[in-house]
Every structure is written in structure tokens, then in C-alpha cells.
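Colleague: Quick one: this structure, given as C-alpha cells, is what I'll be asking you about.
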Amino acid sequence: MSHEGTSTTSSPPPATSTTTCSNASVLASWPIARRVAQLVVVPAEETTLTSALPAVRQGAGGVILFGSSAPPDLAQQLAALKAQAPGGVAPMVMTDEEGGQVQRMANLVGSFSSPRAMATNLRPDAVRELGRTAGHQLLANGVDVDLAPVLDLASGPGPDARHTDGPRSFSPDAAVATTYGLGFAQGLLAAGVLPVVKHFPGEGQATANTDDAPAATPALPALESADLVPFEEAVHAQLPAVMVGNATIPGLTAGPASLSPAATSDLLGRQLGFGGLVVTDSLSAGAVRSTGLDVPHAAVRAVAAGADMVLYDLSAAPADIAQVVSQLAAAVGDGTIPLSRLDDAVGRVLTAKRVHLCQGAHE
């Protein structure tokens, strides 16, 4: 990815024969509040980016853009926003550019067909090229993370209150969804954009759309034979980031997967061996709200479960980062989130950003 240079507000220890500077050694000098802020992704309308300015100044790790028609000077606005980040550690800028009905920046990136139409009408190499082209346009407009592709297996209609995916899914067939989904992701990577595959461990057969209500997938054994396969292949292909969904997984979790160590740390991390960036689906979603947790308390549960970055949408005000940071910092203080878990998460965020604190510059 291409980013501006970075520096830190405190000087890193000098590299000597007995002291080796690393991201971890510099992070140890950061206050807890600054570290936990790197785990928070705040929402903003792409037409009113100034709403995210206070959060960026507090050190937010990311900004997720919502809307359907981005301003032509988006790149310049985002550059100015990133320049306000403390120590020059700029936030990731994310959006959902899947194709079809889910495009936030079609006026800048170009309109392209839904994943289902891609898999029906295009060869895999053409889909990879489409991902590369879209990635170049995203990067040219200041966006360096695409919350795509969807690797869910779905055959029904949607997206709507009953169905999460519909044509957002490449196919109900695991092999087809894997081939085309990974192709699109690899195209984004080739352009320098970080793809985030979603919604682990597969929401294509969920009983409802988790944005609106609690939902359950089929039991874990059924997922393992079908829905989980594209995610396993994404891990084997060393794709860099995974979004954990908000559905309940019978036989694995008692609530949203995004809040469950069994789903995030155990299944994704230990069983599948994923070591990249783990991002939550929106913690303001109906499936999370139904647990009685607000965004700050859900963020604590998610990070303790193994998430590295927490997302929420515009139903929670961007100013809520102060509450999220405060709750996360308190959880580190009382041991709910071990310091080692926090620093591992921040380390993964910085790795995904390709930030090297000791060198004072990004790659």
C-alpha cells in the first residue's frame, strides 16, 4: 500500500548492540489510550469527512466511508484528514466496494457488476483484473482498504432484512465462490489495496440479516463442509485480512461470532492458522444490539475475543470513539483485555498499514 511517511511523538530507543528498535519496543512507550485508539475504525459520510476529524486527531486506526456518491476531491480531503493523525500514523481508509448494489464510490471507481454476475459472466482472470482496476481507482482516491470480497455461499434473494447476501455472494458453490472471490481479492492486492474477506465463518445461509436482527447459521459441522471452505482457502492463500460476522454459530458460539473467542481466536486463529488482521463486522448491528451491549462494551468483548479492529456504523456517532477508547483502556487496566492481547492487535494493525515506527516511514 502507498501511505504518507510516519513518525512518532516519542523518540524510539537507539539501535545498539544491546537494544534493537522494533514496533513493539516503540509501542511500549505509547500510553494505553493511544494504543487502543489504533483498534477503532470510525464511520463518516464520504461527503462530510470533517465529522471524523476529532477521532483522527485522537489516533483512530481507521475511517470507514459511507455514502453513494463521493466528492471529486475525495483524495485531497482524505490526505488532509490523514495529516491530522498523531505522530503521522495515518488511519486506514476503508469502504465497501463489492460491485452491484454495494458500491460507495461508483462515480469515482466506476460501476461494475455484482459478484454473482461476475461469476456468471466472466472468467476468473477477468475478475482478478476487475479487482485490480477497482483497486487502482480506490487508491487514487485515497482509499486503501476494501471491505470485500464476500466469500459467503448464498443462493437466495437479497440483500434485505431476511437475507444478508443475495447477489453479493459469488455462488452457493464453495469452489466457484473460492475461485472468484480470491481472484477479486488478489486483484485488489496487486493494486496495493488491502482486501478484507467476509463474513467469517460464512453467513450465506443465516436465518436473517445480522444488520437488522439476531441470526444463526447452520451448525458448525455443516459450515465446515461448505461455507467455511472459501475462508480456509483464503487463509491458505495468505490473504491479509478477515472480517468476522455477527451471526451465531450453533455448536460454536452462544452469540455473535464477532464477540466470541471460540470463533475468532480458536477457529480462525488456532484451527485455521490465520495470523493476519481480524476486523469485526459493525458492532452497531441489530444482532449485536440484541445482546444488550452498546458499541463500547461490544468493542471490549470483540478485542478480548481476538479482533484487532472494531467497526461501527453511522447509527453511532463518530464522537463515540472517546467512549470506545475509554472502555477499551479500562478493560486493559482491569485485565479483561491482557496487555499482550492489546499489543498483538496494535502490532497487526501497524503491519497491515506497513508502518515501521523505528524508521520513521512507511514502506
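Residues in the C-alpha cells are named by chain (A, B, ... in the order shown) and by number from 1 within that chain; ligands are numbered from 1 in the order shown.
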Write out as number ranges by chain which residues come within 6 Å of Leu228 (chain A) when counting only C-alpha atoms, dropping same-chain ones fewer than 4 positions away.

Modeller: A: 201, 223-224

Colleague: Store the residues of this selection in a file with N, CA and C atoms, as a short mmCIF file (atom, residue, chain, number, x, y, z; two decimals), in the first residue's frame.

Modeller:
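Output (result14.cif):
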data_model
loop_
_atom_site.label_atom_id
_atom_site.label_comp_id
_atom_site.auth_asym_id
_atom_site.auth_seq_id
_atom_site.Cartn_x
_atom_site.Cartn_y
_atom_site.Cartn_z
N PRO A 201 -17.64 -17.03 9.86
CA PRO A 201 -17.23 -18.18 9.05
C PRO A 201 -18.23 -18.54 7.94
N LEU A 223 -21.19 -26.00 8.35
CA LEU A 223 -20.31 -24.94 7.84
C LEU A 223 -18.97 -25.52 7.39
N GLU A 224 -18.45 -26.43 8.15
CA GLU A 224 -17.13 -26.99 7.84
C GLU A 224 -17.11 -27.71 6.50
#

Colleague: Contacts of Pro159 (chain A) at 12 Å or less, counting only C-alpha atoms, minus same-chain residues fewer than 2 places along, as a PyMOL selection string?

Modeller: chain A and resi 100-102+114+154-157+161-169+203-204+206+208-212

Colleague: Could you produce a table of the residues of region 282-356 of chain A lying within 12 Å of region 255-270 of chain A, with the nearest pair of atoms per residue and their separation in Å rounded to one decimal, using only C-alpha atoms, ordered by chain and increasing residue number, as a Markdown table?

Modeller:
| residue | atom | partner | partner_atom | distance |
| --- | --- | --- | --- | --- |
| A:Ser282 | CA | A:Ser258 | CA | 9.1 |
| A:Leu283 | CA | A:Ser258 | CA | 8.4 |
| A:Ser284 | CA | A:Ser258 | CA | 11.8 |
| A:Ala285 | CA | A:Pro256 | CA | 10.3 |
| A:Gly286 | CA | A:Pro256 | CA | 10.4 |
| A:Ala287 | CA | A:Pro256 | CA | 6.9 |
| A:Val288 | CA | A:Pro256 | CA | 6.6 |
| A:Arg289 | CA | A:Pro256 | CA | 10.2 |
| A:Ser290 | CA | A:Gly255 | CA | 9.6 |
| A:Thr291 | CA | A:Gly255 | CA | 7.7 |
| A:Gly292 | CA | A:Gly255 | CA | 11.4 |
| A:Leu293 | CA | A:Leu259 | CA | 10.5 |
| A:Val295 | CA | A:Leu259 | CA | 11.5 |
| A:His297 | CA | A:Leu259 | CA | 10.3 |
| A:Ala298 | CA | A:Leu259 | CA | 7.1 |
| A:Ala299 | CA | A:Leu259 | CA | 8.2 |
| A:Val300 | CA | A:Leu259 | CA | 8.7 |
| A:Arg301 | CA | A:Leu259 | CA | 5.4 |
| A:Ala302 | CA | A:Leu259 | CA | 4.4 |
| A:Val303 | CA | A:Leu259 | CA | 7.9 |
| A:Ala304 | CA | A:Pro261 | CA | 7.4 |
| A:Ala305 | CA | A:Pro261 | CA | 4.0 |
| A:Gly306 | CA | A:Ser265 | CA | 5.2 |
| A:Ala307 | CA | A:Thr264 | CA | 7.0 |
| A:Asp308 | CA | A:Thr264 | CA | 10.2 |
| A:Met309 | CA | A:Ser258 | CA | 10.9 |
| A:Val310 | CA | A:Ser258 | CA | 9.3 |
| A:Leu311 | CA | A:Ser258 | CA | 10.6 |
| A:Arg341 | CA | A:Ser265 | CA | 10.9 |
| A:Ala345 | CA | A:Ser265 | CA | 12.0 |

Colleague: Can you pull out the residues contacting Leu49 (chain A)? Cut-off 12 Å, using only C-alpha atoms, and skip same-chain residues under 6 positions away; I want them as a count of residues only.

Modeller: 23

Colleague: Find the residues near region 213-221 of chain A: any atom within 6 Å, counting only C-alpha atoms, skip ones fewer than 6 places away on the same chain, and give them as a list in words.

Modeller: Gln205, Ala206, Thr207, Ala247, Thr248, Ile249, Pro250, Gly251, Gly286 and Ala287 of chain A

Colleague: Taking N, CA and C atoms for each residue, export the selection above as a PDB file, in the first residue's frame.

Modeller:
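Output file part_1.pdb follows:
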ATOM      1  N   GLN A 205     -26.196 -18.713   4.626  1.00  0.00           N
ATOM      2  CA  GLN A 205     -27.411 -19.436   4.987  1.00  0.00           C
ATOM      3  C   GLN A 205     -27.963 -18.976   6.334  1.00  0.00           C
ATOM      4  N   ALA A 206     -27.593 -17.799   6.768  1.00  0.00           N
ATOM      5  CA  ALA A 206     -28.072 -17.288   8.053  1.00  0.00           C
ATOM      6  C   ALA A 206     -29.574 -17.071   8.034  1.00  0.00           C
ATOM      7  N   THR A 207     -30.185 -17.140   9.203  1.00  0.00           N
ATOM      8  CA  THR A 207     -31.640 -17.051   9.309  1.00  0.00           C
ATOM      9  C   THR A 207     -32.168 -15.635   9.135  1.00  0.00           C
ATOM     10  N   ALA A 247     -23.258 -13.311  13.039  1.00  0.00           N
ATOM     11  CA  ALA A 247     -24.214 -14.403  13.214  1.00  0.00           C
ATOM     12  C   ALA A 247     -23.760 -15.323  14.342  1.00  0.00           C
ATOM     13  N   THR A 248     -24.721 -15.975  14.960  1.00  0.00           N
ATOM     14  CA  THR A 248     -24.449 -17.019  15.947  1.00  0.00           C
ATOM     15  C   THR A 248     -24.178 -18.331  15.215  1.00  0.00           C
ATOM     16  N   ILE A 249     -23.210 -19.099  15.689  1.00  0.00           N
ATOM     17  CA  ILE A 249     -22.838 -20.359  15.059  1.00  0.00           C
ATOM     18  C   ILE A 249     -23.207 -21.504  16.015  1.00  0.00           C
ATOM     19  N   PRO A 250     -24.334 -22.180  15.798  1.00  0.00           N
ATOM     20  CA  PRO A 250     -24.699 -23.291  16.685  1.00  0.00           C
ATOM     21  C   PRO A 250     -23.564 -24.317  16.762  1.00  0.00           C
ATOM     22  N   GLY A 251     -23.286 -24.725  17.977  1.00  0.00           N
ATOM     23  CA  GLY A 251     -22.188 -25.662  18.181  1.00  0.00           C
ATOM     24  C   GLY A 251     -20.843 -24.992  18.355  1.00  0.00           C
ATOM     25  N   GLY A 286     -27.931  -4.909  14.438  1.00  0.00           N
ATOM     26  CA  GLY A 286     -29.026  -5.412  15.255  1.00  0.00           C
ATOM     27  C   GLY A 286     -28.666  -6.668  16.020  1.00  0.00           C
ATOM     28  N   ALA A 287     -27.872  -7.549  15.404  1.00  0.00           N
ATOM     29  CA  ALA A 287     -27.501  -8.797  16.070  1.00  0.00           C
ATOM     30  C   ALA A 287     -26.656  -8.546  17.308  1.00  0.00           C
TER      31      ALA A 287
END

Colleague: List every residue of region 208-262 of chain A that DSSP, applied to the backbone of this structure, places in alpha helix (DSSP H), and write the result as number ranges by chain.

Modeller: A: 220-225, 229-236
